[in-house]
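Everything on this sheet refers to the single structure shown next.
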Amino acid sequence: MSTPQTTDQNKDNWSSEAYKTSASFVPHLTSKLLGYIDPQPSDKILDIGCGDGKFTDLFLSHVEKVLGLDASPAMIQAAERDYAAKYDGKVDFRVTDCCYLENDKETVSGKWDKVVSNAALHWILRREDTRHSTLRNLYSSLKPNGKFIFEMGGHGNVSEVNTALQFALLKQGIPLPKIQEVYPWFFPSDTWMRNTLESIGFRVDVMELEYRPTKLTGEKGGGLEGWVRLMGANFLDVFGDDEEGREGAVRDVCAVLENVVTREEDGSRWLGYVRLRGVAVKV
């Protein structure tokens, strides 16, 4: 049985290569979101939680300027490596904790035509004490009539692996309060998000919740185990240097989920993704 360790809240668990191996589907399942963004040649866009820039690349050539922000130095380094020279002068990538945009006056100066975010807000909005201020900062960053366009995990997202991760930590002796402390996500309902955005001053034009089962990668180092190691890193970090506890938790998660996520016809593994998409206008 393992005992809980203190986690490093500033640890960068992200890697462009690990993301490509275990979650390469994320930037590719974005046709609806891109349709809502409707990039225009004069658009100046703020990309919140841009990661390694692969989603940003899908609209960069169609707009005037993009600033991509992400808290992961590794992911920003990958974005700069792959896209800064390709779009010379058109895009900047910056390491920024998007929970505290009020510290970056340039970002919240009200100059952006659109604020966009894909598959990042459920991480960024995790903390209750900064959740509303983050959304207010996004409002402040927009021009009048500017649009906030996003997709994130919605209520019920990956509930099977979410539950299995918490079970595995409990089995390894991690107390429930510690598990709740390191819980890395916030998956709101469409009602919560609509009400919150309207209370800030947005007019909500689109708010939709979609159940979208998603096939995991089949690459070596990816699949279910790779997903658990990457997306569940905050949970696993409670083990600190206890490699036996960490590996035991990963094995337990995969064993519990084997019959839940595997399709009999071909052995492929699928997670129950729930996506929350919205378009809100600053009025």
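Here, A, B, ... name the chains of the structure tokens in the order displayed, residue numbers run from 1 inside each chain, and ligands are numbered from 1 in the same displayed order.
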
With only C-alpha atoms as the counted atoms, please give the residues lying no more than 10 Å from Arg229 in chain A, apart from itself and same-chain residues fewer than 3 positions off, as a ChimeraX atom specification. /A:13,18,22,221-222,224-226,232-237,246-247,250

Writing out the chosen residues with N, CA and C atoms as a PDB file, in the first residue's frame:
```
ATOM      1  N   ASN A  13       3.864  18.133 -17.009  1.00  0.00           N
ATOM      2  CA  ASN A  13       3.650  16.737 -17.382  1.00  0.00           C
ATOM      3  C   ASN A  13       3.431  16.547 -18.876  1.00  0.00           C
ATOM      4  N   ALA A  18       4.414  12.654 -26.488  1.00  0.00           N
ATOM      5  CA  ALA A  18       3.454  11.826 -25.753  1.00  0.00           C
ATOM      6  C   ALA A  18       2.032  12.156 -26.175  1.00  0.00           C
ATOM      7  N   SER A  22      -0.579   9.452 -27.737  1.00  0.00           N
ATOM      8  CA  SER A  22      -1.749   9.025 -26.965  1.00  0.00           C
ATOM      9  C   SER A  22      -3.023   9.805 -27.248  1.00  0.00           C
ATOM     10  N   GLY A 221       3.053   2.662 -26.966  1.00  0.00           N
ATOM     11  CA  GLY A 221       3.154   3.721 -25.961  1.00  0.00           C
ATOM     12  C   GLY A 221       1.902   4.547 -25.831  1.00  0.00           C
ATOM     13  N   GLY A 222       0.931   4.295 -26.700  1.00  0.00           N
ATOM     14  CA  GLY A 222      -0.329   5.030 -26.660  1.00  0.00           C
ATOM     15  C   GLY A 222      -1.442   4.174 -26.101  1.00  0.00           C
ATOM     16  N   LEU A 224      -4.849   2.897 -24.256  1.00  0.00           N
ATOM     17  CA  LEU A 224      -5.414   3.211 -22.953  1.00  0.00           C
ATOM     18  C   LEU A 224      -4.317   3.528 -21.936  1.00  0.00           C
ATOM     19  N   GLU A 225      -3.274   2.731 -21.913  1.00  0.00           N
ATOM     20  CA  GLU A 225      -2.207   2.956 -20.945  1.00  0.00           C
ATOM     21  C   GLU A 225      -1.535   4.311 -21.176  1.00  0.00           C
ATOM     22  N   GLY A 226      -1.263   4.633 -22.427  1.00  0.00           N
ATOM     23  CA  GLY A 226      -0.651   5.926 -22.729  1.00  0.00           C
ATOM     24  C   GLY A 226      -1.544   7.078 -22.347  1.00  0.00           C
ATOM     25  N   GLY A 232      -3.828  11.356 -16.988  1.00  0.00           N
ATOM     26  CA  GLY A 232      -3.982  11.129 -15.556  1.00  0.00           C
ATOM     27  C   GLY A 232      -2.721  11.420 -14.764  1.00  0.00           C
ATOM     28  N   ALA A 233      -1.794  12.168 -15.351  1.00  0.00           N
ATOM     29  CA  ALA A 233      -0.505  12.415 -14.703  1.00  0.00           C
ATOM     30  C   ALA A 233      -0.658  13.097 -13.347  1.00  0.00           C
ATOM     31  N   ASN A 234      -1.632  14.016 -13.229  1.00  0.00           N
ATOM     32  CA  ASN A 234      -1.835  14.691 -11.943  1.00  0.00           C
ATOM     33  C   ASN A 234      -2.199  13.699 -10.843  1.00  0.00           C
ATOM     34  N   PHE A 235      -3.038  12.719 -11.189  1.00  0.00           N
ATOM     35  CA  PHE A 235      -3.373  11.672 -10.226  1.00  0.00           C
ATOM     36  C   PHE A 235      -2.134  10.866  -9.852  1.00  0.00           C
ATOM     37  N   LEU A 236      -1.381  10.443 -10.862  1.00  0.00           N
ATOM     38  CA  LEU A 236      -0.250   9.544 -10.642  1.00  0.00           C
ATOM     39  C   LEU A 236       0.901  10.217  -9.910  1.00  0.00           C
ATOM     40  N   ASP A 237       0.969  11.537  -9.992  1.00  0.00           N
ATOM     41  CA  ASP A 237       2.052  12.254  -9.318  1.00  0.00           C
ATOM     42  C   ASP A 237       1.971  12.157  -7.796  1.00  0.00           C
ATOM     43  N   ARG A 246       2.800   3.733  -8.466  1.00  0.00           N
ATOM     44  CA  ARG A 246       2.372   4.338  -9.733  1.00  0.00           C
ATOM     45  C   ARG A 246       2.013   3.265 -10.755  1.00  0.00           C
ATOM     46  N   GLU A 247       2.920   2.312 -10.938  1.00  0.00           N
ATOM     47  CA  GLU A 247       2.684   1.275 -11.946  1.00  0.00           C
ATOM     48  C   GLU A 247       1.505   0.383 -11.550  1.00  0.00           C
ATOM     49  N   VAL A 250      -1.662   2.230 -12.602  1.00  0.00           N
ATOM     50  CA  VAL A 250      -1.871   2.170 -14.055  1.00  0.00           C
ATOM     51  C   VAL A 250      -2.399   0.794 -14.451  1.00  0.00           C
TER      52      VAL A 250
END
```

Using only C-alpha atoms, determine which residues lie at most 8 Å from Tyr87 in chain A, disregarding the query and same-chain residues fewer than 3 positions distant; provide the list as a ChimeraX atom specification. /A:60-61,83-84,90-91

May I have the selected residues written with all heavy atoms, as a short mmCIF file (atom, residue, chain, number, x, y, z; two decimals), in the first residue's frame?
```cif
data_model
loop_
_atom_site.label_atom_id
_atom_site.label_comp_id
_atom_site.auth_asym_id
_atom_site.auth_seq_id
_atom_site.Cartn_x
_atom_site.Cartn_y
_atom_site.Cartn_z
N LEU A 60 -4.57 29.18 -38.85
CA LEU A 60 -3.58 30.26 -38.85
C LEU A 60 -3.43 30.93 -40.20
O LEU A 60 -3.31 32.15 -40.30
CB LEU A 60 -2.22 29.69 -38.40
CG LEU A 60 -1.62 30.31 -37.15
CD1 LEU A 60 -0.40 29.54 -36.69
CD2 LEU A 60 -1.28 31.76 -37.38
N SER A 61 -3.43 30.15 -41.26
CA SER A 61 -3.19 30.73 -42.59
C SER A 61 -4.34 31.61 -43.05
O SER A 61 -4.19 32.36 -44.01
CB SER A 61 -2.95 29.60 -43.61
OG SER A 61 -4.10 28.78 -43.72
N TYR A 83 5.83 25.98 -35.94
CA TYR A 83 4.97 26.95 -36.63
C TYR A 83 5.46 28.39 -36.62
O TYR A 83 5.00 29.18 -37.45
CB TYR A 83 3.56 26.89 -36.03
CG TYR A 83 2.97 25.51 -36.10
CD1 TYR A 83 2.73 24.76 -34.95
CD2 TYR A 83 2.68 24.92 -37.34
CE1 TYR A 83 2.22 23.47 -35.03
CE2 TYR A 83 2.17 23.64 -37.42
CZ TYR A 83 1.94 22.92 -36.26
OH TYR A 83 1.43 21.65 -36.35
N ALA A 84 6.37 28.77 -35.74
CA ALA A 84 6.79 30.17 -35.68
C ALA A 84 7.45 30.61 -36.98
O ALA A 84 7.13 31.68 -37.53
CB ALA A 84 7.74 30.39 -34.50
N LYS A 90 3.29 36.16 -38.01
CA LYS A 90 1.83 36.02 -37.95
C LYS A 90 1.35 35.40 -36.64
O LYS A 90 0.18 35.53 -36.28
CB LYS A 90 1.36 35.16 -39.12
CG LYS A 90 -0.11 35.29 -39.47
CD LYS A 90 -0.39 34.59 -40.79
CE LYS A 90 -1.79 34.92 -41.25
NZ LYS A 90 -2.07 34.35 -42.59
N VAL A 91 2.25 34.74 -35.94
CA VAL A 91 1.87 34.04 -34.72
C VAL A 91 2.95 34.18 -33.66
O VAL A 91 4.15 34.19 -33.97
CB VAL A 91 1.61 32.53 -35.01
CG1 VAL A 91 2.86 31.83 -35.52
CG2 VAL A 91 1.06 31.82 -33.78
#
```

Based on the backbone DSSP call, show me all residues of range 60-272 of chain A assigned strand (DSSP E), as a VMD selection string. chain A and resid 65 to 70 91 to 95 112 to 118 142 to 153 202 to 215 270 to 272

Go through A:Leu169, A:Ala280, A:Leu197, A:Cys98 one by one, measure the shortest atom-to-atom distance of each to Val238 in chain A using only C-alpha atoms, and give the residue with the smallest value. A:Leu169

Tell me which protein, DNA and RNA residues are within 8 Å of Thr130 in chain A, counting only C-alpha atoms, leaving out same-chain ones fewer than 4 positions away, and put them as an MDAnalysis selection string. chainID A and resid 99:100 125 134

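Each of A:Gln40, A:Ser117, A:Ser268, A:Ser109 was checked against Gly53 in chain A using only C-alpha atoms; the smallest atom-to-atom distance is that of A:Ser117.
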
Leaving out range 76-82 of chain A and any residue of its chain fewer than 5 positions from it, which residues lie within 9 Å of it when counting only C-alpha atoms, given as a list in words?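 Contacts, with the query itself left out: Ser15, Ser16, Cys50, Gly51, Asp52, Gly53, Lys54, Gly68, Leu69, Asp70, Ala71, Asp92, Phe93, Arg94 and Val95 of chain A.
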
Under the rule that only C-alpha atoms are counted, which of A:Leu216, A:Leu230, A:Val283, A:Ala164 is the nearest residue to Val256 in chain A?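 Of all the options, A:Ala164 lies closest to Val256 in chain A.
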